[in-house]
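Following: one structure in structure tokens, then a few remarks.
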Amino acid sequence: GAGVSQSPSNKVTEKGKDVELRCDPISGHTALYWYRQSLGQGLEFLIYFQGNSAPDKSGLPSDRFSAERTGGSVSTLTIQRTQQEDSAVYLCASSLFGHEQFFGPGTRLTVL
Amino acid sequence: GENVEQHPSTLSVQEGDSAVIKCTYSDSASNYFPWYKQELGKRPQLIIDIRSNVGEKKDQRIAVTLNKTAKHFSLHITETQPEDSAVYFCAASMASGPGNQFYFGTGTSLTVIP
């Protein structure tokens, strides 16, 4: 594809439900990142995958958050038992090692 | 780990004036410094970047300067236009290290007043 894609673009869920957010990075990019951006705020790092190395999970805010990257390509961010404070835009980015990050359009998550 | 600070958090300038946004970093091993522009409701996009082997880089109205000794880098926008209004993020990364983590500043909301 031409760039990083994310799905869904918008997700509305009820408190307590689980959600899965998907990221398709640029083909060949070895690094994949997840960030959370609340309204009017900065980029909060969540998790980072680099090739076959163990992911850097240091930014995950709680054990309700998890992510996986299958086959070094597509990644899924899962939020279990969603809370209202989880409402935000979730951004995915990918990069070649040592180069700029390219961001996806984001998934806007609203927890009612 | 790395800590990136960005100032100011908000900036308003008259159209045609210059805007300067400053960032500092803490880890001297960082060697790649990109700047991203995020327009309202859109994704961040790279506008310029600099690596630690150069002190300045220009691209039309945009320039970035890097002072490795002081561990700070700045974004300069000249002849500002209304379309420059956006949130700007700086970042630092150790691009040649085992983990290509990016550390972002908290962002600067720039408003260019026509």
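Starting from 1 in every chain, residues are counted up; chains themselves are A, B, ... following the order of the structure tokens, and ligands are numbered from 1 as listed.
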Name the residues in contact with Val19 (chain A) at a cut-off of 12 Å, using only C-alpha atoms, excluding same-chain residues fewer than 6 positions from it; report them as number ranges by chain.
A: 7-8, 10-13, 64-67, 76-83, 86-87, 90, 107-111
Could you turn the residues from that selection into a file that holds N, CA, C and O atoms, as a compact mmCIF listing (two decimals), in the first residue's frame?
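The resulting file, again_23.txt, is shown below:
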# COMPACT_ATOMS: atom_id res chain seq x y z
N SER A 7 -7.63 0.45 10.94
CA SER A 7 -9.07 0.20 10.94
C SER A 7 -9.51 -0.26 12.32
O SER A 7 -8.74 -0.88 13.06
N PRO A 8 -10.75 0.08 12.70
CA PRO A 8 -11.64 0.98 11.97
C PRO A 8 -11.18 2.43 12.13
O PRO A 8 -10.31 2.73 12.93
N ASN A 10 -13.27 4.80 13.09
CA ASN A 10 -14.00 5.20 14.29
C ASN A 10 -14.56 3.97 14.97
O ASN A 10 -15.01 3.04 14.29
N LYS A 11 -14.53 3.98 16.30
CA LYS A 11 -15.09 2.87 17.05
C LYS A 11 -15.79 3.42 18.28
O LYS A 11 -15.17 4.13 19.08
N VAL A 12 -17.07 3.10 18.39
CA VAL A 12 -17.83 3.47 19.58
C VAL A 12 -18.18 2.19 20.30
O VAL A 12 -18.69 1.25 19.69
N THR A 13 -17.89 2.13 21.57
CA THR A 13 -18.14 0.92 22.34
C THR A 13 -18.69 1.28 23.71
O THR A 13 -18.62 2.44 24.14
N ARG A 64 -4.80 -4.03 30.90
CA ARG A 64 -5.95 -4.19 30.00
C ARG A 64 -5.53 -3.98 28.53
O ARG A 64 -6.27 -4.31 27.62
N PHE A 65 -4.36 -3.38 28.37
CA PHE A 65 -3.84 -3.09 27.03
C PHE A 65 -2.83 -4.16 26.63
O PHE A 65 -1.93 -4.50 27.42
N SER A 66 -2.95 -4.63 25.39
CA SER A 66 -1.96 -5.55 24.85
C SER A 66 -1.89 -5.35 23.35
O SER A 66 -2.80 -4.78 22.75
N ALA A 67 -0.80 -5.80 22.76
CA ALA A 67 -0.66 -5.68 21.31
C ALA A 67 0.18 -6.83 20.81
O ALA A 67 1.02 -7.37 21.54
N THR A 76 -2.18 -5.65 15.95
CA THR A 76 -3.48 -5.45 16.58
C THR A 76 -3.27 -4.96 18.01
O THR A 76 -2.51 -5.58 18.77
N LEU A 77 -3.91 -3.88 18.35
CA LEU A 77 -3.91 -3.37 19.72
C LEU A 77 -5.25 -3.74 20.34
O LEU A 77 -6.31 -3.43 19.78
N THR A 78 -5.20 -4.43 21.45
CA THR A 78 -6.42 -4.87 22.13
C THR A 78 -6.57 -4.16 23.46
O THR A 78 -5.61 -4.08 24.23
N ILE A 79 -7.75 -3.64 23.69
CA ILE A 79 -8.07 -3.03 24.98
C ILE A 79 -9.21 -3.83 25.58
O ILE A 79 -10.30 -3.91 24.99
N GLN A 80 -8.97 -4.42 26.72
CA GLN A 80 -10.00 -5.21 27.39
C GLN A 80 -10.73 -4.36 28.42
O GLN A 80 -10.15 -3.42 28.99
N ARG A 81 -11.99 -4.69 28.61
CA ARG A 81 -12.81 -4.03 29.65
C ARG A 81 -12.64 -2.51 29.56
O ARG A 81 -12.23 -1.86 30.52
N THR A 82 -12.96 -1.97 28.41
CA THR A 82 -12.72 -0.55 28.16
C THR A 82 -13.35 0.35 29.22
O THR A 82 -14.42 0.06 29.76
N GLN A 83 -12.66 1.44 29.49
CA GLN A 83 -13.11 2.47 30.42
C GLN A 83 -13.27 3.78 29.66
O GLN A 83 -12.69 3.97 28.59
N ASP A 86 -10.29 5.60 28.33
CA ASP A 86 -9.59 5.04 27.17
C ASP A 86 -9.97 5.78 25.89
O ASP A 86 -9.32 5.60 24.85
N SER A 87 -10.99 6.62 25.95
CA SER A 87 -11.41 7.36 24.76
C SER A 87 -10.29 8.27 24.29
O SER A 87 -9.76 9.07 25.05
N TYR A 90 -6.13 6.57 18.58
CA TYR A 90 -4.99 5.65 18.65
C TYR A 90 -4.28 5.68 17.30
O TYR A 90 -4.86 5.35 16.28
N THR A 107 -7.33 5.65 14.75
CA THR A 107 -8.67 5.14 15.08
C THR A 107 -9.18 5.98 16.24
O THR A 107 -8.53 6.06 17.29
N ARG A 108 -10.34 6.60 16.04
CA ARG A 108 -10.96 7.38 17.12
C ARG A 108 -11.84 6.45 17.94
O ARG A 108 -12.84 5.93 17.43
N LEU A 109 -11.45 6.22 19.18
CA LEU A 109 -12.20 5.33 20.06
C LEU A 109 -13.01 6.16 21.05
O LEU A 109 -12.47 7.05 21.71
N THR A 110 -14.28 5.85 21.11
CA THR A 110 -15.18 6.49 22.07
C THR A 110 -15.80 5.42 22.94
O THR A 110 -16.42 4.48 22.42
N VAL A 111 -15.60 5.54 24.23
CA VAL A 111 -16.17 4.58 25.18
C VAL A 111 -17.30 5.28 25.93
O VAL A 111 -17.09 6.27 26.62
Would you give me, as an MDAnalysis selection string, the residues of chain A that come within 8 Å of chain B, using only C-alpha atoms?
chainID A and resid 31 41:43 48 50 91 97:106
Output file for the residues above (all heavy atoms, as a tab-separated table (two decimals), in the first residue's frame):
chain	number	residue	atom	x	y	z
A	31	ALA	N	9.89	-1.51	11.88
A	31	ALA	CA	9.47	-0.98	13.17
A	31	ALA	C	8.01	-0.52	13.11
A	31	ALA	O	7.56	0.04	12.10
A	31	ALA	CB	10.35	0.18	13.60
A	41	GLN	N	-4.04	16.87	23.14
A	41	GLN	CA	-2.84	16.49	23.87
A	41	GLN	C	-1.75	15.98	22.93
A	41	GLN	O	-1.94	15.90	21.71
A	41	GLN	CB	-3.19	15.41	24.90
A	41	GLN	CG	-4.22	15.84	25.92
A	41	GLN	CD	-3.75	17.02	26.74
A	41	GLN	OE1	-2.65	17.01	27.31
A	41	GLN	NE2	-4.56	18.06	26.80
A	42	GLY	N	-0.62	15.61	23.53
A	42	GLY	CA	0.50	15.11	22.76
A	42	GLY	C	0.39	13.64	22.46
A	42	GLY	O	-0.66	13.02	22.63
A	43	LEU	N	1.48	13.08	21.99
A	43	LEU	CA	1.55	11.68	21.60
A	43	LEU	C	2.05	10.85	22.78
A	43	LEU	O	3.19	11.00	23.21
A	43	LEU	CB	2.47	11.51	20.41
A	43	LEU	CG	2.04	12.24	19.13
A	43	LEU	CD1	3.18	12.31	18.13
A	43	LEU	CD2	0.84	11.55	18.51
A	48	TYR	N	6.12	-0.59	21.12
A	48	TYR	CA	6.99	-0.51	19.94
A	48	TYR	C	7.49	-1.90	19.58
A	48	TYR	O	7.94	-2.65	20.44
A	48	TYR	CB	8.15	0.44	20.29
A	48	TYR	CG	9.42	0.28	19.52
A	48	TYR	CD1	9.45	0.42	18.14
A	48	TYR	CD2	10.63	0.04	20.19
A	48	TYR	CE1	10.64	0.30	17.44
A	48	TYR	CE2	11.82	-0.08	19.50
A	48	TYR	CZ	11.82	0.05	18.12
A	48	TYR	OH	12.99	-0.06	17.43
A	50	GLN	N	10.11	-3.97	16.95
A	50	GLN	CA	11.24	-3.82	16.03
A	50	GLN	C	11.66	-5.21	15.57
A	50	GLN	O	12.24	-5.98	16.36
A	50	GLN	CB	12.41	-3.10	16.69
A	50	GLN	CG	13.70	-3.07	15.86
A	50	GLN	CD	13.55	-2.42	14.51
A	50	GLN	OE1	13.01	-1.31	14.38
A	50	GLN	NE2	14.01	-3.10	13.48
A	91	LEU	N	-3.03	6.10	17.34
A	91	LEU	CA	-2.23	6.25	16.13
A	91	LEU	C	-1.20	5.14	16.04
A	91	LEU	O	-0.55	4.80	17.02
A	91	LEU	CB	-1.51	7.60	16.14
A	91	LEU	CG	-2.38	8.84	15.92
A	91	LEU	CD1	-1.63	10.08	16.37
A	91	LEU	CD2	-2.79	8.97	14.48
A	97	PHE	N	14.31	1.01	10.02
A	97	PHE	CA	15.24	1.24	11.11
A	97	PHE	C	16.10	2.47	10.83
A	97	PHE	O	16.75	2.55	9.81
A	97	PHE	CB	16.11	0.01	11.32
A	97	PHE	CG	16.97	0.09	12.53
A	97	PHE	CD1	16.44	-0.10	13.79
A	97	PHE	CD2	18.33	0.35	12.43
A	97	PHE	CE1	17.21	-0.02	14.92
A	97	PHE	CE2	19.13	0.42	13.56
A	97	PHE	CZ	18.58	0.23	14.81
A	98	GLY	N	16.07	3.41	11.75
A	98	GLY	CA	16.90	4.60	11.63
A	98	GLY	C	16.32	5.71	10.79
A	98	GLY	O	17.01	6.69	10.53
A	99	HIS	N	15.08	5.56	10.38
A	99	HIS	CA	14.47	6.58	9.53
A	99	HIS	C	13.17	7.10	10.12
A	99	HIS	O	12.71	6.64	11.16
A	99	HIS	CB	14.23	6.01	8.13
A	99	HIS	CG	15.49	5.68	7.40
A	99	HIS	ND1	16.14	6.59	6.59
A	99	HIS	CD2	16.24	4.56	7.39
A	99	HIS	CE1	17.22	6.02	6.09
A	99	HIS	NE2	17.31	4.80	6.57
A	100	GLU	N	12.56	8.06	9.43
A	100	GLU	CA	11.37	8.72	9.95
A	100	GLU	C	10.21	7.75	10.13
A	100	GLU	O	10.12	6.71	9.48
A	100	GLU	CB	10.93	9.82	8.98
A	100	GLU	CG	10.43	9.26	7.66
A	100	GLU	CD	9.83	10.31	6.75
A	100	GLU	OE1	8.72	10.76	7.04
A	100	GLU	OE2	10.49	10.63	5.75
A	101	GLN	N	9.32	8.13	11.01
A	101	GLN	CA	8.08	7.40	11.20
A	101	GLN	C	7.02	7.94	10.26
A	101	GLN	O	6.92	9.15	10.05
A	101	GLN	CB	7.57	7.58	12.63
A	101	GLN	CG	8.43	6.95	13.70
A	101	GLN	CD	7.77	7.02	15.05
A	101	GLN	OE1	6.84	7.78	15.28
A	101	GLN	NE2	8.25	6.23	15.97
A	102	PHE	N	6.21	7.03	9.72
A	102	PHE	CA	5.04	7.40	8.94
A	102	PHE	C	3.81	7.00	9.75
A	102	PHE	O	3.69	5.84	10.16
A	102	PHE	CB	5.04	6.69	7.59
A	102	PHE	CG	6.12	7.15	6.65
A	102	PHE	CD1	7.40	6.60	6.73
A	102	PHE	CD2	5.88	8.12	5.70
A	102	PHE	CE1	8.40	7.02	5.87
A	102	PHE	CE2	6.87	8.55	4.84
A	102	PHE	CZ	8.14	8.00	4.92
A	103	PHE	N	2.93	7.95	9.94
A	103	PHE	CA	1.76	7.71	10.77
A	103	PHE	C	0.55	7.29	9.94
A	103	PHE	O	0.37	7.74	8.80
A	103	PHE	CB	1.39	8.96	11.57
A	103	PHE	CG	2.28	9.22	12.74
A	103	PHE	CD1	3.47	9.90	12.59
A	103	PHE	CD2	1.93	8.77	14.00
A	103	PHE	CE1	4.31	10.14	13.67
A	103	PHE	CE2	2.76	9.00	15.10
A	103	PHE	CZ	3.95	9.68	14.92
A	104	GLY	N	-0.27	6.46	10.55
A	104	GLY	CA	-1.56	6.13	9.97
A	104	GLY	C	-2.57	7.21	10.33
A	104	GLY	O	-2.27	8.14	11.09
A	105	PRO	N	-3.80	7.08	9.80
A	105	PRO	CA	-4.83	8.10	10.03
A	105	PRO	C	-5.44	8.04	11.43
A	105	PRO	O	-6.14	8.96	11.84
A	105	PRO	CB	-5.87	7.80	8.96
A	105	PRO	CG	-5.70	6.34	8.70
A	105	PRO	CD	-4.25	6.05	8.87
A	106	GLY	N	-5.18	6.97	12.13
A	106	GLY	CA	-5.69	6.85	13.49
A	106	GLY	C	-7.05	6.18	13.57
A	106	GLY	O	-7.81	6.13	12.59
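Checking A:Ser75, A:Ser94, A:Gln6, A:Asn52 one by one against Ser27 (chain A), counting only C-alpha atoms, you find the shortest gap at A:Ser94.
Going from CA of Ser38 (chain A) over to CA of Ala88 (chain A), you cover 4.6 Å.
Distances from B:Gln81, B:Gln60, B:Thr111, B:Gln38 to Gly16 (chain B) were compared using only C-alpha atoms, and the smallest one belongs to B:Gln81.
Among the candidate residues B:Glu39, B:Glu15, B:Thr24, B:Glu5, the one lying nearest to Pro82 (chain B) is B:Glu15, with distances computed using only C-alpha atoms.
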Return as number ranges by chain the full set of residues in chain A whose backbone-based DSSP assignment is strand (DSSP E or B).
A: 5-7, 10-13, 19-24, 31-37, 44-50, 56, 65-69, 75-79, 88-95, 102-103, 107-111
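Among the candidates B:Ser85, B:Gln6, B:Thr80, B:Ser52, the residue lying nearest to Thr65 (chain B) is B:Ser52 (atoms considered: only C-alpha atoms).
The shortest atom-to-atom distance to Gly40 (chain A), with only C-alpha atoms taken into account, belongs to B:Ser9 out of B:His72, B:Arg51, B:Asn3, B:Ser9.
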